[in-house]
>>> print(open('final-v3.pdb').read())   # PDB, C-alpha atoms
ATOM      1  CA  MET V   1      21.890   3.835   1.367  1.00  0.00           C
ATOM      2  CA  SER V   2      25.491   2.592   1.657  1.00  0.00           C
ATOM      3  CA  GLU V   3      25.034   2.760   5.424  1.00  0.00           C
ATOM      4  CA  ILE V   4      22.493  -0.076   5.135  1.00  0.00           C
ATOM      5  CA  PRO V   5      24.477  -3.097   3.941  1.00  0.00           C
ATOM      6  CA  TRP V   6      21.527  -5.510   4.019  1.00  0.00           C
ATOM      7  CA  LEU V   7      19.264  -3.316   1.874  1.00  0.00           C
ATOM      8  CA  TRP V   8      20.006  -4.790  -1.572  1.00  0.00           C
ATOM      9  CA  PRO V   9      20.319  -8.406  -0.437  1.00  0.00           C
ATOM     10  CA  GLY V  10      16.990  -7.948   1.356  1.00  0.00           C
ATOM     11  CA  VAL V  11      15.384  -6.477  -1.749  1.00  0.00           C
ATOM     12  CA  ALA V  12      16.679  -9.423  -3.795  1.00  0.00           C
ATOM     13  CA  VAL V  13      15.119 -11.847  -1.310  1.00  0.00           C
ATOM     14  CA  ALA V  14      11.870  -9.842  -1.461  1.00  0.00           C
ATOM     15  CA  VAL V  15      11.811 -10.052  -5.270  1.00  0.00           C
ATOM     16  CA  VAL V  16      12.192 -13.838  -5.147  1.00  0.00           C
ATOM     17  CA  ALA V  17       9.676 -14.139  -2.289  1.00  0.00           C
ATOM     18  CA  GLY V  18       7.320 -11.972  -4.335  1.00  0.00           C
ATOM     19  CA  LEU V  19       7.543 -14.373  -7.254  1.00  0.00           C
ATOM     20  CA  ILE V  20       6.775 -17.292  -4.974  1.00  0.00           C
ATOM     21  CA  LEU V  21       4.008 -15.597  -2.967  1.00  0.00           C
ATOM     22  CA  ALA V  22       2.418 -13.324  -5.597  1.00  0.00           C
ATOM     23  CA  ASN V  23      -0.635 -15.497  -6.275  1.00  0.00           C
ATOM     24  CA  ARG V  24      -1.307 -16.133  -2.599  1.00  0.00           C
ATOM     25  CA  VAL V  25      -0.956 -12.453  -1.656  1.00  0.00           C
ATOM     26  CA  ALA V  26      -3.050 -11.415  -4.656  1.00  0.00           C
ATOM     27  CA  ARG V  27      -5.886 -13.699  -3.530  1.00  0.00           C
ATOM     28  CA  LEU V  28      -5.569 -12.399   0.020  1.00  0.00           C
ATOM     29  CA  LEU V  29      -5.797  -8.794  -1.183  1.00  0.00           C
ATOM     30  CA  GLY V  30      -8.423  -9.489  -3.843  1.00  0.00           C
ATOM     31  CA  THR V  31      -6.234  -8.225  -6.667  1.00  0.00           C
ATOM     32  CA  GLY V  32      -4.029  -9.371  -9.560  1.00  0.00           C
ATOM     33  CA  ARG V  33      -0.709 -11.226  -9.404  1.00  0.00           C
ATOM     34  CA  ALA V  34       1.371  -8.154 -10.311  1.00  0.00           C
ATOM     35  CA  VAL V  35      -0.039  -6.177  -7.394  1.00  0.00           C
ATOM     36  CA  GLY V  36       0.479  -9.177  -5.080  1.00  0.00           C
ATOM     37  CA  TRP V  37       4.126  -9.294  -6.186  1.00  0.00           C
ATOM     38  CA  LEU V  38       4.510  -5.534  -5.666  1.00  0.00           C
ATOM     39  CA  ALA V  39       3.043  -5.824  -2.163  1.00  0.00           C
ATOM     40  CA  VAL V  40       5.628  -8.435  -1.145  1.00  0.00           C
ATOM     41  CA  VAL V  41       8.529  -6.514  -2.694  1.00  0.00           C
ATOM     42  CA  ALA V  42       7.388  -3.205  -1.165  1.00  0.00           C
ATOM     43  CA  VAL V  43       7.171  -4.639   2.350  1.00  0.00           C
ATOM     44  CA  GLY V  44      10.446  -6.528   1.900  1.00  0.00           C
ATOM     45  CA  ALA V  45      12.253  -3.373   0.768  1.00  0.00           C
ATOM     46  CA  ILE V  46      10.866  -1.404   3.702  1.00  0.00           C
ATOM     47  CA  LEU V  47      11.942  -4.047   6.208  1.00  0.00           C
ATOM     48  CA  SER V  48      15.388  -4.394   4.595  1.00  0.00           C
ATOM     49  CA  ALA V  49      15.940  -0.645   4.646  1.00  0.00           C
ATOM     50  CA  THR V  50      14.707  -0.033   8.163  1.00  0.00           C
ATOM     51  CA  LEU V  51      15.022  -3.101  10.365  1.00  0.00           C
ATOM     52  CA  THR V  52      18.502  -4.382   9.586  1.00  0.00           C
ATOM     53  CA  PRO V  53      21.734  -3.359  11.315  1.00  0.00           C
ATOM     54  CA  GLY V  54      23.603  -0.318  10.103  1.00  0.00           C
ATOM     55  CA  ARG V  55      27.125  -0.580   8.679  1.00  0.00           C
ATOM     56  CA  GLU V  56      28.850   0.582  11.872  1.00  0.00           C
ATOM     57  CA  ALA V  57      26.919  -1.950  13.966  1.00  0.00           C
ATOM     58  CA  LEU V  58      28.133  -4.747  11.697  1.00  0.00           C
ATOM     59  CA  GLU V  59      31.712  -3.523  11.329  1.00  0.00           C
ATOM     60  CA  SER V  60      32.538  -2.319  14.821  1.00  0.00           C
ATOM     61  CA  GLY V  61      29.660  -3.348  17.058  1.00  0.00           C
ATOM     62  CA  THR V  62      28.499   0.233  17.534  1.00  0.00           C
ATOM     63  CA  SER V  63      25.108   0.544  19.222  1.00  0.00           C
ATOM     64  CA  GLY V  64      22.392   3.149  18.867  1.00  0.00           C
ATOM     65  CA  ARG V  65      21.535   5.861  21.359  1.00  0.00           C
ATOM     66  CA  GLY V  66      18.264   4.494  22.679  1.00  0.00           C
ATOM     67  CA  THR V  67      16.679   7.920  22.205  1.00  0.00           C
ATOM     68  CA  CYS V  68      14.367   9.400  19.619  1.00  0.00           C
ATOM     69  CA  ASP V  69      14.911  12.672  17.756  1.00  0.00           C
ATOM     70  CA  PHE V  70      11.755  14.803  17.599  1.00  0.00           C
ATOM     71  CA  GLN V  71      13.335  17.866  15.951  1.00  0.00           C
ATOM     72  CA  ARG V  72      11.154  17.725  12.832  1.00  0.00           C
ATOM     73  CA  LEU V  73       7.440  17.145  13.283  1.00  0.00           C
ATOM     74  CA  GLY V  74       6.250  18.381   9.885  1.00  0.00           C
ATOM     75  CA  PRO V  75       6.775  17.576   6.229  1.00  0.00           C
ATOM     76  CA  ALA V  76      10.236  17.870   4.712  1.00  0.00           C
ATOM     77  CA  GLY V  77      10.923  21.164   3.006  1.00  0.00           C
ATOM     78  CA  PRO V  78      12.292  21.537  -0.511  1.00  0.00           C
ATOM     79  CA  SER V  79      15.812  22.014   0.840  1.00  0.00           C
ATOM     80  CA  ASP V  80      15.542  18.667   2.687  1.00  0.00           C
ATOM     81  CA  LEU V  81      14.367  16.900  -0.449  1.00  0.00           C
ATOM     82  CA  LEU V  82      17.164  18.329  -2.594  1.00  0.00           C
ATOM     83  CA  SER V  83      19.955  17.816  -0.064  1.00  0.00           C
ATOM     84  CA  THR V  84      21.666  14.615   0.963  1.00  0.00           C
ATOM     85  CA  SER V  85      19.221  14.198   3.841  1.00  0.00           C
ATOM     86  CA  GLU V  86      17.261  11.022   4.431  1.00  0.00           C
ATOM     87  CA  ALA V  87      13.929  12.665   3.553  1.00  0.00           C
ATOM     88  CA  GLY V  88      13.924  11.746  -0.142  1.00  0.00           C
ATOM     89  CA  PRO V  89      14.845   8.073   0.309  1.00  0.00           C
ATOM     90  CA  ASN V  90      12.410   7.747   3.220  1.00  0.00           C
ATOM     91  CA  ILE V  91       9.603   9.123   1.054  1.00  0.00           C
ATOM     92  CA  LEU V  92      10.535   6.956  -1.942  1.00  0.00           C
ATOM     93  CA  LEU V  93      10.681   3.832   0.210  1.00  0.00           C
ATOM     94  CA  PHE V  94       6.948   3.922   0.981  1.00  0.00           C
ATOM     95  CA  ILE V  95       5.609   4.937  -2.446  1.00  0.00           C
ATOM     96  CA  PRO V  96       5.347   1.322  -3.730  1.00  0.00           C
ATOM     97  CA  LEU V  97       3.336   0.207  -0.683  1.00  0.00           C
ATOM     98  CA  GLY V  98       1.059   3.217  -1.121  1.00  0.00           C
ATOM     99  CA  ALA V  99       0.635   2.340  -4.800  1.00  0.00           C
ATOM    100  CA  VAL V 100      -0.493  -1.168  -3.814  1.00  0.00           C
ATOM    101  CA  ILE V 101      -3.127   0.357  -1.537  1.00  0.00           C
ATOM    102  CA  GLY V 102      -4.246   2.749  -4.284  1.00  0.00           C
ATOM    103  CA  LEU V 103      -4.624  -0.137  -6.735  1.00  0.00           C
ATOM    104  CA  LEU V 104      -6.743  -2.285  -4.424  1.00  0.00           C
ATOM    105  CA  PRO V 105     -10.508  -2.434  -4.692  1.00  0.00           C
ATOM    106  CA  GLY V 106     -12.292  -0.681  -1.836  1.00  0.00           C
ATOM    107  CA  GLY V 107     -13.403  -2.654   1.168  1.00  0.00           C
ATOM    108  CA  ARG V 108     -12.113  -4.299   4.315  1.00  0.00           C
ATOM    109  CA  ARG V 109      -8.903  -5.582   2.777  1.00  0.00           C
ATOM    110  CA  ARG V 110      -7.839  -2.146   1.613  1.00  0.00           C
ATOM    111  CA  ALA V 111      -8.864  -0.621   4.953  1.00  0.00           C
ATOM    112  CA  ALA V 112      -6.858  -3.236   6.864  1.00  0.00           C
ATOM    113  CA  LEU V 113      -3.771  -2.799   4.673  1.00  0.00           C
ATOM    114  CA  THR V 114      -4.064   0.984   4.966  1.00  0.00           C
ATOM    115  CA  ALA V 115      -4.234   0.807   8.767  1.00  0.00           C
ATOM    116  CA  ALA V 116      -1.224  -1.528   8.876  1.00  0.00           C
ATOM    117  CA  ALA V 117       0.740   0.683   6.449  1.00  0.00           C
ATOM    118  CA  VAL V 118       0.025   3.821   8.495  1.00  0.00           C
ATOM    119  CA  ALA V 119       1.119   2.058  11.694  1.00  0.00           C
ATOM    120  CA  LEU V 120       4.260   0.592  10.082  1.00  0.00           C
ATOM    121  CA  PRO V 121       6.487   3.721  10.286  1.00  0.00           C
ATOM    122  CA  VAL V 122       5.695   4.122  13.991  1.00  0.00           C
ATOM    123  CA  VAL V 123       6.429   0.437  14.650  1.00  0.00           C
ATOM    124  CA  ILE V 124       9.692   0.724  12.703  1.00  0.00           C
ATOM    125  CA  GLU V 125      10.889   3.778  14.619  1.00  0.00           C
ATOM    126  CA  ALA V 126       9.906   2.207  17.960  1.00  0.00           C
ATOM    127  CA  THR V 127      11.863  -0.911  17.006  1.00  0.00           C
ATOM    128  CA  GLN V 128      14.874   1.204  16.024  1.00  0.00           C
ATOM    129  CA  LEU V 129      14.596   2.923  19.398  1.00  0.00           C
ATOM    130  CA  VAL V 130      14.616  -0.238  21.493  1.00  0.00           C
ATOM    131  CA  VAL V 131      16.882  -2.509  19.410  1.00  0.00           C
ATOM    132  CA  VAL V 132      20.006  -0.428  19.999  1.00  0.00           C
ATOM    133  CA  PRO V 133      22.443  -3.075  18.640  1.00  0.00           C
ATOM    134  CA  PHE V 134      21.090  -2.264  15.147  1.00  0.00           C
ATOM    135  CA  ASP V 135      22.636   1.228  15.512  1.00  0.00           C
ATOM    136  CA  ARG V 136      19.638   2.821  13.814  1.00  0.00           C
ATOM    137  CA  ALA V 137      18.268   6.268  14.603  1.00  0.00           C
ATOM    138  CA  CYS V 138      14.700   6.745  15.807  1.00  0.00           C
ATOM    139  CA  GLU V 139      13.434   9.990  14.272  1.00  0.00           C
ATOM    140  CA  SER V 140       9.995  11.571  14.081  1.00  0.00           C
ATOM    141  CA  ALA V 141      10.988  12.966  10.681  1.00  0.00           C
ATOM    142  CA  ASP V 142      11.229   9.415   9.330  1.00  0.00           C
ATOM    143  CA  VAL V 143       7.614   8.733  10.318  1.00  0.00           C
ATOM    144  CA  ILE V 144       6.458  11.923   8.589  1.00  0.00           C
ATOM    145  CA  ASP V 145       8.515  11.145   5.470  1.00  0.00           C
ATOM    146  CA  ASN V 146       7.284   7.536   5.318  1.00  0.00           C
ATOM    147  CA  LEU V 147       3.662   8.669   5.629  1.00  0.00           C
ATOM    148  CA  THR V 148       4.267  11.272   2.925  1.00  0.00           C
ATOM    149  CA  GLY V 149       5.584   8.550   0.614  1.00  0.00           C
ATOM    150  CA  LEU V 150       2.633   6.341   1.490  1.00  0.00           C
ATOM    151  CA  GLY V 151       0.211   9.138   0.580  1.00  0.00           C
ATOM    152  CA  ILE V 152       1.986   9.855  -2.699  1.00  0.00           C
ATOM    153  CA  GLY V 153       1.929   6.156  -3.516  1.00  0.00           C
ATOM    154  CA  VAL V 154      -1.798   5.857  -2.796  1.00  0.00           C
ATOM    155  CA  LEU V 155      -2.450   8.753  -5.151  1.00  0.00           C
ATOM    156  CA  VAL V 156      -0.220   7.251  -7.858  1.00  0.00           C
ATOM    157  CA  GLY V 157      -1.840   3.830  -7.465  1.00  0.00           C
ATOM    158  CA  TRP V 158      -5.313   5.329  -7.592  1.00  0.00           C
ATOM    159  CA  LEU V 159      -4.475   7.298 -10.742  1.00  0.00           C
ATOM    160  CA  VAL V 160      -2.819   4.305 -12.435  1.00  0.00           C
ATOM    161  CA  GLY V 161      -5.780   2.138 -11.481  1.00  0.00           C
ATOM    162  CA  ARG V 162      -8.118   4.461 -13.374  1.00  0.00           C
ATOM    163  CA  SER V 163      -6.531   3.487 -16.710  1.00  0.00           C
ATOM    164  CA  GLU V 164      -8.393   0.483 -18.134  1.00  0.00           C
ATOM    165  CA  PRO V 165      -5.398  -0.743 -20.222  1.00  0.00           C
ATOM    166  CA  ILE V 166      -3.169  -0.653 -17.136  1.00  0.00           C
ATOM    167  CA  ARG V 167      -5.877  -2.273 -15.005  1.00  0.00           C
ATOM    168  CA  THR V 168      -6.116  -5.091 -17.544  1.00  0.00           C
ATOM    169  CA  ARG V 169      -2.339  -5.586 -17.614  1.00  0.00           C
ATOM    170  CA  LEU V 170      -2.188  -5.754 -13.813  1.00  0.00           C
ATOM    171  CA  GLY V 171      -5.041  -8.236 -13.656  1.00  0.00           C
ATOM    172  CA  LEU V 172      -7.372  -5.639 -12.180  1.00  0.00           C
ATOM    173  CA  ALA V 173      -9.897  -5.491 -15.011  1.00  0.00           C
ATOM    174  CA  SER V 174     -13.533  -5.341 -13.976  1.00  0.00           C
ATOM    175  CA  ARG V 175     -15.172  -8.706 -13.506  1.00  0.00           C
ATOM    176  CA  PRO V 176     -18.338  -9.581 -15.390  1.00  0.00           C
ATOM    177  CA  GLY V 177     -21.373  -8.115 -13.685  1.00  0.00           C
ATOM    178  CA  GLN V 178     -19.462  -5.142 -12.282  1.00  0.00           C
ATOM    179  CA  ASP V 179     -20.071  -1.653 -13.526  1.00  0.00           C
ATOM    180  CA  GLY V 180     -16.358  -0.893 -13.774  1.00  0.00           C
ATOM    181  CA  GLN V 181     -16.328   1.156 -10.573  1.00  0.00           C
ATOM    182  CA  ARG V 182     -14.060   0.209  -7.701  1.00  0.00           C
TER     183      ARG V 182
END
>>> encode(input="final-v3.pdb", output="structure tokens")
Amino acid sequence: MSEIPWLWPGVAVAVVAGLILANRVARLLGTGRAVGWLAVVAVGAILSATLTPGREALESGTSGRGTCDFQRLGPAGPSDLLSTSEAGPNILLFIPLGAVIGLLPGGRRRAALTAAAVALPVVIEATQLVVVPFDRACESADVIDNLTGLGIGVLVGWLVGRSEPIRTRLGLASRPGQDGQR
């Protein structure tokens, strides 16, 4: 992560933006303020980690290759997850966004956010491919890892959302007249 100098400043901006936009995003998604905040922070962290210039681009003006690496087309193996590879961070990066999706009530909003979240890794890698001054690497493995993290996050969000005390704390408690099912 030290190769991404704008990551932490971007996350800080996302946290503040989340505080400002949480209610608006929550209404848009049909959920509670905490989940609205998490949605803003999750997207902000993803954009900060993936669509900002790398350290070498900032320090020496190095540009990317303008090519995409398709060496890995499947899930990361245990050795990739335990090594210093990018697989682990790329998976972790998308878990919060997946959790937001898993916490949302079913319907069009969740379907739309899911479609956008699934498309996001492809859009990111395509952007990294064509915006060579960012000196970022386009890799099929990143798409697979991001989608893996998204899936894990959806599962975590779904499981967390099944706990009534947690649902209440997140502002997701069933409304009067509902049978408690989502």
>>> closest_residue(input="final-v3.pdb", among="V:Val156, V:Leu21, V:Ala57, V:Ala141", to="Gly36 in chain V", atoms="only C-alpha atoms")
V:Leu21
>>> atom_distance(input="final-v3.pdb", atom1="CA of Thr168 in chain V", atom2="CA of Leu92 in chain V")
25.8 Å
>>> resolve_selection(input="final-v3.pdb", expression="the PyMOL selection byres ((chain V and resi 9) around 12)", output="list in words")
Ile4, Pro5, Trp6, Leu7, Trp8, Gly10, Val11, Ala12, Val13, Ala14, Val15, Val16, Gly44, Ala45, Leu47, Ser48, Ala49 and Thr52 of chain V
>>> closest_residue(input="final-v3.pdb", among="V:Gly171, V:Gly149, V:Gly18, V:Gly106", to="Leu38 in chain V", atoms="all atoms listed in the file")
V:Gly18
>>> residues_near_point(input="final-v3.pdb", point="(7.7, 18.2, 11.0)", cutoff="10 Å", atoms="all atoms listed in the file", output="VMD selection string")
chain V and resid 70 to 77 140 to 145
>>> resolve_selection(input="final-v3.pdb", expression="the PyMOL selection byres ((chain V and resi 119-133) around 12)", output="NGL selection string")
:V and (43 or 46-70 or 90-91 or 93-94 or 97-98 or 112-118 or 134-150)
>>> write_last_selection(input="final-v3.pdb", atoms="C-alpha atoms", output="mmCIF file, in the coordinates of the input")
data_model
loop_
_atom_site.group_PDB
_atom_site.id
_atom_site.type_symbol
_atom_site.label_atom_id
_atom_site.label_comp_id
_atom_site.auth_asym_id
_atom_site.auth_seq_id
_atom_site.Cartn_x
_atom_site.Cartn_y
_atom_site.Cartn_z
ATOM 1 C CA VAL V 43 7.171 -4.639 2.350
ATOM 2 C CA ILE V 46 10.866 -1.404 3.702
ATOM 3 C CA LEU V 47 11.942 -4.047 6.208
ATOM 4 C CA SER V 48 15.388 -4.394 4.595
ATOM 5 C CA ALA V 49 15.940 -0.645 4.646
ATOM 6 C CA THR V 50 14.707 -0.033 8.163
ATOM 7 C CA LEU V 51 15.022 -3.101 10.365
ATOM 8 C CA THR V 52 18.502 -4.382 9.586
ATOM 9 C CA PRO V 53 21.734 -3.359 11.315
ATOM 10 C CA GLY V 54 23.603 -0.318 10.103
ATOM 11 C CA ARG V 55 27.125 -0.580 8.679
ATOM 12 C CA GLU V 56 28.850 0.582 11.872
ATOM 13 C CA ALA V 57 26.919 -1.950 13.966
ATOM 14 C CA LEU V 58 28.133 -4.747 11.697
ATOM 15 C CA GLU V 59 31.712 -3.523 11.329
ATOM 16 C CA SER V 60 32.538 -2.319 14.821
ATOM 17 C CA GLY V 61 29.660 -3.348 17.058
ATOM 18 C CA THR V 62 28.499 0.233 17.534
ATOM 19 C CA SER V 63 25.108 0.544 19.222
ATOM 20 C CA GLY V 64 22.392 3.149 18.867
ATOM 21 C CA ARG V 65 21.535 5.861 21.359
ATOM 22 C CA GLY V 66 18.264 4.494 22.679
ATOM 23 C CA THR V 67 16.679 7.920 22.205
ATOM 24 C CA CYS V 68 14.367 9.400 19.619
ATOM 25 C CA ASP V 69 14.911 12.672 17.756
ATOM 26 C CA PHE V 70 11.755 14.803 17.599
ATOM 27 C CA ASN V 90 12.410 7.747 3.220
ATOM 28 C CA ILE V 91 9.603 9.123 1.054
ATOM 29 C CA LEU V 93 10.681 3.832 0.210
ATOM 30 C CA PHE V 94 6.948 3.922 0.981
ATOM 31 C CA LEU V 97 3.336 0.207 -0.683
ATOM 32 C CA GLY V 98 1.059 3.217 -1.121
ATOM 33 C CA ALA V 112 -6.858 -3.236 6.864
ATOM 34 C CA LEU V 113 -3.771 -2.799 4.673
ATOM 35 C CA THR V 114 -4.064 0.984 4.966
ATOM 36 C CA ALA V 115 -4.234 0.807 8.767
ATOM 37 C CA ALA V 116 -1.224 -1.528 8.876
ATOM 38 C CA ALA V 117 0.740 0.683 6.449
ATOM 39 C CA VAL V 118 0.025 3.821 8.495
ATOM 40 C CA PHE V 134 21.090 -2.264 15.147
ATOM 41 C CA ASP V 135 22.636 1.228 15.512
ATOM 42 C CA ARG V 136 19.638 2.821 13.814
ATOM 43 C CA ALA V 137 18.268 6.268 14.603
ATOM 44 C CA CYS V 138 14.700 6.745 15.807
ATOM 45 C CA GLU V 139 13.434 9.990 14.272
ATOM 46 C CA SER V 140 9.995 11.571 14.081
ATOM 47 C CA ALA V 141 10.988 12.966 10.681
ATOM 48 C CA ASP V 142 11.229 9.415 9.330
ATOM 49 C CA VAL V 143 7.614 8.733 10.318
ATOM 50 C CA ILE V 144 6.458 11.923 8.589
ATOM 51 C CA ASP V 145 8.515 11.145 5.470
ATOM 52 C CA ASN V 146 7.284 7.536 5.318
ATOM 53 C CA LEU V 147 3.662 8.669 5.629
ATOM 54 C CA THR V 148 4.267 11.272 2.925
ATOM 55 C CA GLY V 149 5.584 8.550 0.614
ATOM 56 C CA LEU V 150 2.633 6.341 1.490
#
>>> residues_around(input="final-v3.pdb", residues="Pro105 in chain V", least_positions_apart="4", cutoff="10 Å", atoms="only C-alpha atoms", output="list in words")
Leu29, Gly30, Thr31, Ile101, Arg109, Arg110, Ala111, Trp158, Gly161, Leu172, Gln181 and Arg182 of chain V
>>> write_last_selection(input="final-v3.pdb", atoms="C-alpha atoms", output="mmCIF file, keeping the file's coordinate frame")
data_model
loop_
_atom_site.group_PDB
_atom_site.id
_atom_site.type_symbol
_atom_site.label_atom_id
_atom_site.label_comp_id
_atom_site.auth_asym_id
_atom_site.auth_seq_id
_atom_site.Cartn_x
_atom_site.Cartn_y
_atom_site.Cartn_z
ATOM 1 C CA LEU V 29 -5.797 -8.794 -1.183
ATOM 2 C CA GLY V 30 -8.423 -9.489 -3.843
ATOM 3 C CA THR V 31 -6.234 -8.225 -6.667
ATOM 4 C CA ILE V 101 -3.127 0.357 -1.537
ATOM 5 C CA ARG V 109 -8.903 -5.582 2.777
ATOM 6 C CA ARG V 110 -7.839 -2.146 1.613
ATOM 7 C CA ALA V 111 -8.864 -0.621 4.953
ATOM 8 C CA TRP V 158 -5.313 5.329 -7.592
ATOM 9 C CA GLY V 161 -5.780 2.138 -11.481
ATOM 10 C CA LEU V 172 -7.372 -5.639 -12.180
ATOM 11 C CA GLN V 181 -16.328 1.156 -10.573
ATOM 12 C CA ARG V 182 -14.060 0.209 -7.701
#
>>> axis_aligned_box(input="final-v3.pdb", around="range 92-98 of chain V", padding_each_side="3 Å", output="JSON")
{"center_x": 5.9, "center_y": 3.6, "center_z": -1.4, "size_x": 15.6, "size_y": 12.7, "size_z": 10.7}
>>> decode(input="final-v3.pdb", residues="range 99-114 of chain V", atoms="N, CA and C atoms", output="mmCIF file, in the first residue's frame")
data_model
loop_
_atom_site.group_PDB
_atom_site.id
_atom_site.type_symbol
_atom_site.label_atom_id
_atom_site.label_comp_id
_atom_site.auth_asym_id
_atom_site.auth_seq_id
_atom_site.Cartn_x
_atom_site.Cartn_y
_atom_site.Cartn_z
ATOM 1 N N ALA V 99 -20.387 -5.840 1.813
ATOM 2 C CA ALA V 99 -21.178 -5.850 3.051
ATOM 3 C C ALA V 99 -22.359 -4.887 2.944
ATOM 4 N N VAL V 100 -22.144 -3.736 2.326
ATOM 5 C CA VAL V 100 -23.251 -2.787 2.117
ATOM 6 C C VAL V 100 -24.353 -3.469 1.306
ATOM 7 N N ILE V 101 -23.973 -4.133 0.235
ATOM 8 C CA ILE V 101 -24.956 -4.817 -0.608
ATOM 9 C C ILE V 101 -25.688 -5.891 0.196
ATOM 10 N N GLY V 102 -24.952 -6.655 0.991
ATOM 11 C CA GLY V 102 -25.565 -7.706 1.800
ATOM 12 C C GLY V 102 -26.508 -7.181 2.863
ATOM 13 N N LEU V 103 -26.293 -5.953 3.309
ATOM 14 C CA LEU V 103 -27.148 -5.348 4.333
ATOM 15 C C LEU V 103 -28.400 -4.690 3.763
ATOM 16 N N LEU V 104 -28.416 -4.453 2.469
ATOM 17 C CA LEU V 104 -29.552 -3.745 1.865
ATOM 18 C C LEU V 104 -30.779 -4.648 1.770
ATOM 19 N N PRO V 105 -31.952 -4.028 1.851
ATOM 20 C CA PRO V 105 -33.167 -4.806 1.585
ATOM 21 C C PRO V 105 -33.188 -5.185 0.101
ATOM 22 N N GLY V 106 -33.843 -6.289 -0.210
ATOM 23 C CA GLY V 106 -33.930 -6.726 -1.600
ATOM 24 C C GLY V 106 -34.696 -5.718 -2.431
ATOM 25 N N GLY V 107 -34.518 -5.788 -3.724
ATOM 26 C CA GLY V 107 -35.248 -4.901 -4.614
ATOM 27 C C GLY V 107 -34.349 -4.266 -5.649
ATOM 28 N N ARG V 108 -34.895 -3.272 -6.331
ATOM 29 C CA ARG V 108 -34.189 -2.622 -7.435
ATOM 30 C C ARG V 108 -32.921 -1.917 -6.991
ATOM 31 N N ARG V 109 -32.970 -1.293 -5.826
ATOM 32 C CA ARG V 109 -31.776 -0.566 -5.370
ATOM 33 C C ARG V 109 -30.608 -1.512 -5.152
ATOM 34 N N ARG V 110 -30.884 -2.628 -4.487
ATOM 35 C CA ARG V 110 -29.807 -3.600 -4.265
ATOM 36 C C ARG V 110 -29.340 -4.182 -5.587
ATOM 37 N N ALA V 111 -30.260 -4.470 -6.494
ATOM 38 C CA ALA V 111 -29.874 -5.017 -7.802
ATOM 39 C C ALA V 111 -29.006 -4.024 -8.570
ATOM 40 N N ALA V 112 -29.384 -2.752 -8.532
ATOM 41 C CA ALA V 112 -28.605 -1.727 -9.242
ATOM 42 C C ALA V 112 -27.217 -1.574 -8.634
ATOM 43 N N LEU V 113 -27.135 -1.535 -7.305
ATOM 44 C CA LEU V 113 -25.831 -1.400 -6.650
ATOM 45 C C LEU V 113 -24.975 -2.641 -6.913
ATOM 46 N N THR V 114 -25.587 -3.803 -6.920
ATOM 47 C CA THR V 114 -24.848 -5.035 -7.204
ATOM 48 C C THR V 114 -24.281 -4.997 -8.619
#
